[in-house]
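Okay, input-v4.cif now, which holds mmCIF, C-alpha atoms and all ligand atoms:
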data_run
loop_
_atom_site.label_atom_id
_atom_site.label_comp_id
_atom_site.auth_asym_id
_atom_site.auth_seq_id
_atom_site.Cartn_x
_atom_site.Cartn_y
_atom_site.Cartn_z
CA MET Q 1 107.20 68.37 137.19
CA ASN Q 2 104.53 67.97 134.51
CA LYS Q 3 103.87 71.70 134.65
CA ASN Q 4 107.53 72.44 133.95
CA ILE Q 5 107.50 70.22 130.87
CA ALA Q 6 104.39 72.01 129.60
CA TYR Q 7 106.09 75.39 130.05
CA ILE Q 8 109.16 74.16 128.16
CA ILE Q 9 107.02 72.84 125.30
CA ILE Q 10 105.07 76.13 125.11
CA SER Q 11 108.20 78.27 125.05
CA VAL Q 12 109.81 76.04 122.41
CA CYS Q 13 106.67 76.38 120.29
CA LEU Q 14 106.68 80.16 120.70
CA LEU Q 15 110.35 80.37 119.74
CA LEU Q 16 109.72 78.18 116.71
CA ALA Q 17 106.75 80.31 115.66
CA ALA Q 18 108.80 83.51 116.03
CA PHE Q 19 111.64 81.96 114.05
CA LEU Q 20 109.35 80.80 111.25
CA MET Q 21 107.67 84.21 111.10
CA TYR Q 22 111.06 85.91 110.86
CA ARG Q 23 112.18 83.52 108.13
CA PHE Q 24 108.91 84.04 106.29
CA THR Q 25 108.90 87.86 106.40
CA SER Q 26 112.58 88.31 105.52
CA GLY Q 27 112.39 85.64 102.80
CA SER Q 28 109.33 87.11 101.12
CA GLY Q 29 110.82 90.60 101.32
CA SER Q 30 113.97 89.81 99.38
CA ALA Q 31 112.02 87.74 96.83
CA GLY Q 32 109.80 90.77 96.27
CA LEU Q 33 112.82 93.03 95.76
CA ALA Q 34 114.26 90.73 93.09
CA GLY Q 35 110.94 90.77 91.26
CA ILE Q 36 110.89 94.57 91.00
CA ASP Q 37 112.08 96.17 87.79
CA ALA Q 38 115.32 98.05 88.48
CA ASP Q 39 114.09 101.05 86.46
CA SER Q 40 110.63 101.12 88.05
CA LYS Q 41 109.88 104.45 89.73
CA ILE Q 42 107.22 105.20 92.29
CA TRP Q 43 105.97 108.30 94.06
CA VAL Q 44 106.12 108.56 97.82
CA MET Q 45 104.55 111.14 100.10
CA CYS Q 46 104.82 112.21 103.74
CA LYS Q 47 101.68 111.47 105.79
CA ASN Q 48 102.27 114.47 108.02
CA ALA Q 49 99.41 116.83 107.03
CA SER Q 50 101.56 119.93 107.54
CA CYS Q 51 104.41 118.51 105.44
CA LYS Q 52 103.09 116.31 102.59
CA ALA Q 53 106.50 116.31 100.91
CA ALA Q 54 106.29 114.19 97.76
CA LYS Q 55 109.11 112.80 95.68
CA GLU Q 56 109.82 110.21 93.04
CA MET Q 57 112.14 107.35 93.86
CA GLY Q 58 113.14 103.94 92.56
CA GLU Q 59 110.65 101.26 93.61
CA ARG Q 60 113.51 98.95 94.58
CA ASP Q 61 115.17 101.69 96.62
CA PHE Q 62 111.89 102.29 98.42
CA TYR Q 63 111.35 98.66 99.38
CA ALA Q 64 115.01 98.20 100.29
CA ALA Q 65 114.73 101.25 102.58
CA VAL Q 66 111.45 99.96 104.07
CA GLU Q 67 113.08 96.60 104.69
CA GLY Q 68 116.04 98.27 106.36
CA ASN Q 69 113.65 100.35 108.45
CA THR Q 70 111.56 97.35 109.55
CA GLU Q 71 112.44 95.75 112.87
CA PRO Q 72 113.16 92.01 112.54
CA GLY Q 73 110.02 89.95 113.11
CA ARG Q 74 107.65 92.82 112.45
CA ARG Q 75 105.19 92.06 109.70
CA LEU Q 76 103.97 95.53 108.81
CA ALA Q 77 106.65 97.72 107.33
CA PRO Q 78 106.60 101.23 108.78
CA GLY Q 79 106.94 104.24 106.55
CA LEU Q 80 110.27 105.79 105.82
CA PRO Q 81 111.68 108.74 107.74
CA CYS Q 82 110.81 112.06 106.10
CA ASP Q 83 113.82 114.16 105.12
CA GLN Q 84 111.61 117.29 105.02
CA CYS Q 85 109.86 117.30 108.43
CA GLY Q 86 112.06 114.67 110.11
CA LYS Q 87 109.23 112.40 111.27
CA PRO Q 88 110.63 108.85 111.79
CA SER Q 89 108.05 106.81 109.83
CA SER Q 90 105.92 109.11 107.78
CA VAL Q 91 106.72 108.55 104.11
CA TYR Q 92 104.56 106.01 102.31
CA LYS Q 93 104.01 104.85 98.76
CA ALA Q 94 101.72 107.23 96.91
CA LYS Q 95 100.31 107.71 93.44
CA LYS Q 96 100.80 110.51 90.99
CA CYS Q 97 97.76 111.58 89.01
CA PRO Q 98 98.57 110.96 85.32
CA GLU Q 99 96.19 113.71 84.15
CA SER Q 100 98.57 116.22 82.54
CA ASP Q 101 96.68 119.25 83.89
CA CYS Q 102 96.61 117.88 87.48
CA LEU Q 103 99.69 115.79 88.44
CA ALA Q 104 98.66 115.75 92.11
CA VAL Q 105 100.35 113.18 94.36
CA PHE Q 106 97.93 111.34 96.62
CA PHE Q 107 97.53 108.13 98.63
CA TYR Q 108 95.81 105.19 97.01
CA GLY Q 109 92.41 104.74 98.63
CA SER Q 110 92.11 108.28 100.00
CA THR Q 111 88.47 108.48 98.91
CA GLN Q 112 86.26 105.99 100.73
CA ASN Q 113 83.58 103.83 99.03
CA ASP Q 114 85.00 104.77 95.66
CA PHE Q 115 87.67 103.67 93.21
CA PRO Q 116 90.90 103.67 95.28
CA ASP Q 117 92.76 105.47 92.49
CA ARG Q 118 90.34 108.40 92.38
CA CYS Q 119 92.42 111.60 92.45
CA PRO Q 120 91.22 113.86 95.29
CA GLN Q 121 92.17 116.94 93.25
CA CYS Q 122 90.73 116.43 89.75
CA LYS Q 123 88.39 113.55 90.80
CA VAL Q 124 89.52 111.36 87.90
CA SER Q 125 89.89 107.64 88.55
CA GLN Q 126 92.06 105.85 86.01
CA THR Q 127 90.23 102.58 86.74
CA GLU Q 128 86.90 104.22 86.04
CA LYS Q 129 88.30 105.97 82.97
CA SER Q 130 89.68 102.77 81.40
CA ARG Q 131 86.43 100.97 82.16
CA LYS Q 132 84.44 103.67 80.44
CA GLU Q 133 86.83 103.63 77.49
CA ARG Q 134 86.48 99.86 77.24
CA GLN Q 135 82.69 100.13 77.41
CA SER Q 136 82.49 102.80 74.71
CA GLY Q 137 85.04 100.84 72.64
CA SER Q 138 82.96 97.68 72.72
CA ALA Q 139 79.81 99.69 71.97
CA GLN Q 140 81.37 100.97 68.74
CA GLU Q 141 82.15 97.48 67.50
ZN ZN C 1 107.36 115.16 106.15
ZN ZN C 2 94.27 114.47 89.41
#
Before anything else, please render the file you have as structure tokens.
Amino acid sequence: MNKNIAYIIISVCLLLAAFLMYRFTSGSGSAGLAGIDADSKIWVMCKNASCKAAKEMGERDFYAAVEGNTEPGRRLAPGLPCDQCGKPSSVYKAKKCPESDCLAVFFYGSTQNDFPDRCPQCKVSQTEKSRKERQSGSAQE
């Protein structure tokens, strides 16, 4: 009899935890969407090495699509389906190199033990660049 009560308590706790987690993930997701600028654009790229299709899309559209593609209760949002190679969850947020002679699209953090925004093509990191500019700027003063 005591054992049965323990089982009931455990399953109620598990249900409660699952419910809270669901509330938490869905709540934070929509709050994040509202905080995104409607005009904000991001670059996304397919992780499939033989596809690598890149495109620009609205940041809100991206997160709304990720939210719609996320199973309820799952914390980590999967990528979006790729309309080029058809892989179900392969398109992730990427970064476009702002160097006008490069403009490569790459994934943030693709170079290890380095600035995460280092472009794998032209090797320029905007973080490093702005730091250097700040340093040289303060040196001139
Ligand atoms: Zn693809
Ligand atoms: Zn670059």
Check the smallest atom-to-atom distance from each of Q:Ile10, Q:Val124, Q:Ala94, Q:Val66 to ligand ZN 2 (chain C) using all atoms listed in the file, then report the winner. Q:Val124
Tell me, in Å to one decimal, how far atom CA of Cys102 of chain Q is from atom CA of Asp114 of chain Q. 19.3 Å
I'd like to know which of Q:Leu103, Q:Cys82, Q:Leu33, Q:Ile9 is closest to ligand ZN 2 (chain C), using only C-alpha atoms and all ligand atoms.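 Closest candidate: Q:Leu103.
Remark: for ligand ZN 1 (chain C), the closest of the candidate residues Q:Gly58, Q:Gly79, Q:Gly68, Q:Gly35 is Q:Gly79 (distances computed over all atoms listed in the file).
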Could you please extract the residues within 7 Å of ligand ZN 2 (chain C), counting all atoms listed in the file, and hand them back as a list in words?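 Counting only what the definition allows, namely all atoms listed in the file, the set is Cys97, Pro98, Glu99, Cys102, Leu103, Ala104, Cys119, Pro120, Gln121, Cys122, Lys123 and Val124 of chain Q.
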